[in-house]
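Notes follow once the structure below has been shown.
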Amino acid sequence: MHIKNFLGFMGGIVLLTGCGTQVARNTWHSEYGTYTTGTPATMYGTPAATDATPHRMAVLLPLSGDNAATGRAIKTSIETAVLQRAPSSLSVSFFDTSAGATAINDALGQNPEIIVGPLFAADARMLRAAKPAELPAISFTSDATAIGDGVMTMALMPSNGVEAIVSEIAADNSRGMVILAPDTNSGRLMAAAARAAATNYDLPVSGLIYYREKDTDSIKNTAQRASLYSARSAANTRAREILSDILTTERLTAIEKSSLSRQLDRISKSETIGRLPYDAVLLLGTGDDAKSLVSFLRYYGVTPREAHLYGTAIWDGADINSDITLTGAKYPALPEMNPSFANLYEQISGTLPSRMASFGYDAANLAIGTVYSDKSNAAYLLDPSGYVGIDGLVRLTPNGASQRALRIVEIAGETQPRPVKDAPTNFFKPIYNVDQITLSPAREMALETPGINPLTYIQIPDRLTGKYKSKTYGANVTQPDTRAQQNIVTILPEDDSTEIISNPDFKPRALESVNRTYIDSVEIYE
């Protein structure tokens, strides 16, 4: 058996969601998707075959260069699985994908029965084009355009995490959500997954706004737009003007004066009034971007009472769980890693395993099971019942994508999130309905809102309702186009049919500016 010495690694979880133009591909033994779903099998145990027939596995990983740490982490896990479980008749050879196509050709030259790897989408595409049609490969890319035709992935597909959290938003009885996503290829595809899932769960999408990652000005502008700050602020100002006008110029009873004064005092403590057209904010970016977005949303008057926060599996493992800015936010996460594996890996490498390392361990065990099974490669790998591995329930699909069961957790201001909902334990009931491969990048969608009329949020004497009028601020109704996520936007005219009536001798009382105190960790410059 050709196995090199164990090597440790340094580094965190790597998100491999490179996205590109979709390419046509055939499904690999799609008939297995119609098989009966039963109880998931475990990936671990003694292979059925005990004969001495030589078997070959090739492994494609970056073992040098900038990504060597991640590659070596996965290599350590694969070596661990092979030493634990594989018979001596299995030969395992490692190839460094830093050499590009040469590594792939060298691996194929060994005539392996199965390939584990590669890590990145570009290498997976090259392998897919070069390998024999029936040769299976278990890669680690989450780029849906790089898999298929026997190239599968153990990585978590971004659409899985998006659909899991959209399902939770719907279960929370949300009346609508706004989506804030990074303006990247992967961000636009995740937004498309969110919109598709929202349709499946009958959850209204009130708007979709993109921002530039790590760009404070862009993030601030996105939060301002999402908060409807301009419209809500203008409505607040007009409401204060109306109340001030009435208090200054009209004959009022003591009760009327007291009521109007209380209203003016109340709304003067804020810069905005008006109901948001959503009560859920779905944040599709990193934890750091999410913290900034939420801080700016609060700055512009969107409080946790008005809109609940939700993230995706990108947050899993990020340093956000003790951040007070995101307290109460929910996000999907993989089940806790098997402690026996984590302890063993730490003993071997001196570090705790990343999710990529645990994916590597499961990929190796699945590959060993495939080689020594009496089933065909497709029948074993594409078992619709799935398998239970280090990271919980997973199954591979004929188009190469993985489906991983996710739990829901909530940020509670502690070092670890608070569990909210356990991950599914079987596939008797379909977990996911959104196919990442079929998605097209989503276009931005302006906030759908009937607008804010200040008179909706204040009470004035009935005899004065015909005298004091106001237009509606920020009205916008979006009619979604079913063609490739395209939207047709119709702007409703403002209600200017009636001029604002005021006393010609009226001198409005000066409105005090609102003192906004910013308490979060991101400093804001006006």
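Please note that chains go A, B, ... in the order of the structure tokens, that every chain numbers its residues from 1, and that ligands are numbered from 1 in the order shown.
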To test your reading of the structure, identify every residue in stretch 283-382 of chain A that backbone DSSP assigns to alpha helix (DSSP H), and report it as a PyMOL selection string. chain A and resi 287-299+339-349+355-372+377-381
For the residues in that selection, give me C-alpha atoms as an mmCIF file, in the first residue's frame.
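The resulting again20.cif:
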```cif
data_model
loop_
_atom_site.group_PDB
_atom_site.id
_atom_site.type_symbol
_atom_site.label_atom_id
_atom_site.label_comp_id
_atom_site.auth_asym_id
_atom_site.auth_seq_id
_atom_site.Cartn_x
_atom_site.Cartn_y
_atom_site.Cartn_z
ATOM 1 C CA GLY A 287 -20.350 36.304 9.326
ATOM 2 C CA ASP A 288 -18.230 39.464 9.192
ATOM 3 C CA ASP A 289 -20.387 41.018 6.483
ATOM 4 C CA ALA A 290 -23.490 39.971 8.385
ATOM 5 C CA LYS A 291 -22.322 41.752 11.533
ATOM 6 C CA SER A 292 -21.762 44.949 9.567
ATOM 7 C CA LEU A 293 -25.089 44.721 7.752
ATOM 8 C CA VAL A 294 -27.030 44.137 10.958
ATOM 9 C CA SER A 295 -25.256 47.021 12.694
ATOM 10 C CA PHE A 296 -26.205 49.370 9.874
ATOM 11 C CA LEU A 297 -29.774 48.043 9.801
ATOM 12 C CA ARG A 298 -30.107 48.925 13.471
ATOM 13 C CA TYR A 299 -28.575 52.313 12.772
ATOM 14 C CA PRO A 339 -15.947 13.109 18.888
ATOM 15 C CA SER A 340 -14.069 9.829 18.415
ATOM 16 C CA PHE A 341 -12.862 10.933 15.012
ATOM 17 C CA ALA A 342 -12.024 14.427 16.258
ATOM 18 C CA ASN A 343 -9.948 13.012 19.127
ATOM 19 C CA LEU A 344 -8.145 10.555 16.870
ATOM 20 C CA TYR A 345 -7.384 13.201 14.287
ATOM 21 C CA GLU A 346 -6.037 15.551 16.948
ATOM 22 C CA GLN A 347 -3.768 12.803 18.286
ATOM 23 C CA ILE A 348 -2.397 12.184 14.799
ATOM 24 C CA SER A 349 -2.018 15.735 13.530
ATOM 25 C CA ARG A 355 -14.941 20.058 8.012
ATOM 26 C CA MET A 356 -12.847 19.408 4.907
ATOM 27 C CA ALA A 357 -10.847 16.867 6.894
ATOM 28 C CA SER A 358 -14.002 15.085 8.037
ATOM 29 C CA PHE A 359 -15.341 15.137 4.470
ATOM 30 C CA GLY A 360 -12.102 13.454 3.422
ATOM 31 C CA TYR A 361 -12.509 10.726 6.021
ATOM 32 C CA ASP A 362 -16.042 9.955 4.891
ATOM 33 C CA ALA A 363 -15.031 10.069 1.213
ATOM 34 C CA ALA A 364 -12.300 7.502 1.824
ATOM 35 C CA ASN A 365 -14.642 5.182 3.721
ATOM 36 C CA LEU A 366 -17.272 5.503 1.010
ATOM 37 C CA ALA A 367 -14.649 4.747 -1.634
ATOM 38 C CA ILE A 368 -13.431 1.667 0.254
ATOM 39 C CA GLY A 369 -16.991 0.426 0.611
ATOM 40 C CA THR A 370 -17.556 0.925 -3.113
ATOM 41 C CA VAL A 371 -14.456 -1.010 -4.145
ATOM 42 C CA TYR A 372 -15.218 -4.020 -1.943
ATOM 43 C CA ASN A 377 -20.409 1.465 -8.287
ATOM 44 C CA ALA A 378 -23.567 3.445 -8.992
ATOM 45 C CA ALA A 379 -25.791 1.215 -6.876
ATOM 46 C CA TYR A 380 -23.464 1.609 -3.894
ATOM 47 C CA LEU A 381 -22.604 5.300 -4.199
#
```
Within stretch 104-202 of chain A, find each residue whose DSSP state, derived from the backbone, is strand (DSSP E or B), and express the selection as a PyMOL selection string. chain A and resi 114-116+137-139+148+151-153+177-182
So which residues touch A:Leu283 within 7 Å, counting only C-alpha atoms, skipping near sequence neighbours fewer than 6 positions away, as a PDB file with N, CA and C atoms, in the first residue's frame?
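Output file around38.pdb follows:
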```pdb
ATOM      1  N   ILE A 179     -33.757  39.580   1.114  1.00  0.00           N
ATOM      2  CA  ILE A 179     -32.513  38.848   0.931  1.00  0.00           C
ATOM      3  C   ILE A 179     -31.393  39.843   0.683  1.00  0.00           C
ATOM      4  N   LEU A 180     -30.348  39.764   1.485  1.00  0.00           N
ATOM      5  CA  LEU A 180     -29.157  40.601   1.316  1.00  0.00           C
ATOM      6  C   LEU A 180     -28.004  39.674   0.973  1.00  0.00           C
ATOM      7  N   ALA A 181     -27.447  39.820  -0.226  1.00  0.00           N
ATOM      8  CA  ALA A 181     -26.477  38.846  -0.726  1.00  0.00           C
ATOM      9  C   ALA A 181     -25.247  39.544  -1.288  1.00  0.00           C
ATOM     10  N   ALA A 290     -22.197  39.982   7.706  1.00  0.00           N
ATOM     11  CA  ALA A 290     -23.490  39.971   8.385  1.00  0.00           C
ATOM     12  C   ALA A 290     -23.485  40.897   9.592  1.00  0.00           C
ATOM     13  N   TYR A 310     -31.498  35.750   9.865  1.00  0.00           N
ATOM     14  CA  TYR A 310     -31.193  34.384   9.468  1.00  0.00           C
ATOM     15  C   TYR A 310     -29.943  34.387   8.591  1.00  0.00           C
ATOM     16  N   GLY A 311     -29.118  33.359   8.755  1.00  0.00           N
ATOM     17  CA  GLY A 311     -27.928  33.211   7.930  1.00  0.00           C
ATOM     18  C   GLY A 311     -27.898  31.843   7.282  1.00  0.00           C
TER      19      GLY A 311
END
```
With 10 Å as the cut-off and only C-alpha atoms counted, what is the closest atom pair between each nearby residue of stretch 328-352 of chain A and stretch 408-416 of chain A? Distances in Å to one decimal, ordered by chain and number, as a Markdown table.
```
| residue | atom | partner | partner_atom | distance |
| --- | --- | --- | --- | --- |
| A:Gly328 | CA | A:Ile411 | CA | 5.3 |
| A:Ala329 | CA | A:Ile411 | CA | 5.5 |
| A:Lys330 | CA | A:Glu410 | CA | 4.3 |
| A:Tyr331 | CA | A:Val409 | CA | 5.6 |
| A:Pro332 | CA | A:Ile408 | CA | 4.5 |
| A:Ala333 | CA | A:Ile408 | CA | 6.2 |
| A:Leu334 | CA | A:Ile408 | CA | 8.6 |
| A:Pro335 | CA | A:Ile408 | CA | 9.2 |
```
Point-to-point distance from atom CA of A:Ile209 to atom CA of A:Glu444, Å rounded to tenths: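 Result for atom CA of A:Ile209 versus atom CA of A:Glu444: 5.5 Å, one decimal.
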Could you pull the residues within 10 Å of A:Asp265, counting only C-alpha atoms, minus those fewer than 6 positions along the same chain, as a short mmCIF file (atom, residue, chain, number, x, y, z; two decimals) with N, CA and C atoms, in the first residue's frame?
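The resulting part35.cif:
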```
data_model
loop_
_atom_site.label_atom_id
_atom_site.label_comp_id
_atom_site.auth_asym_id
_atom_site.auth_seq_id
_atom_site.Cartn_x
_atom_site.Cartn_y
_atom_site.Cartn_z
N ARG A 240 -44.56 64.39 12.16
CA ARG A 240 -44.24 65.38 13.20
C ARG A 240 -44.71 66.77 12.80
N LEU A 243 -48.54 66.91 13.38
CA LEU A 243 -48.86 67.02 14.80
C LEU A 243 -48.49 68.38 15.34
N SER A 259 -53.27 63.93 23.83
CA SER A 259 -53.03 62.80 22.93
C SER A 259 -52.04 63.17 21.84
#
```
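The closest residue to A:Ser440, picked from A:Ala170, A:Met190, A:Leu63, A:Ala69 and counting only C-alpha atoms, is A:Met190.
You can rank A:Ile104, A:Ile437, A:Leu90, A:Val116 by their closest distance to A:Thr145 using only C-alpha atoms, and at the top of that list sits A:Ile437.
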Of the candidates A:Gly117, A:His55, A:Ala235, A:Ser227, which one gets nearest to A:Ser88 if we count only C-alpha atoms? A:His55
Which residues come within 8 Å of A:Gln436, counting only C-alpha atoms, excluding same-chain residues fewer than 6 positions away, as a PyMOL selection string? chain A and resi 144+157-159+189+193
Nearest residue to A:Tyr387 from the set A:Ala41, A:Pro54, A:Val302, A:Ala73 (distances using only C-alpha atoms):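 Closest to A:Tyr387, using only C-alpha atoms: A:Ala41.
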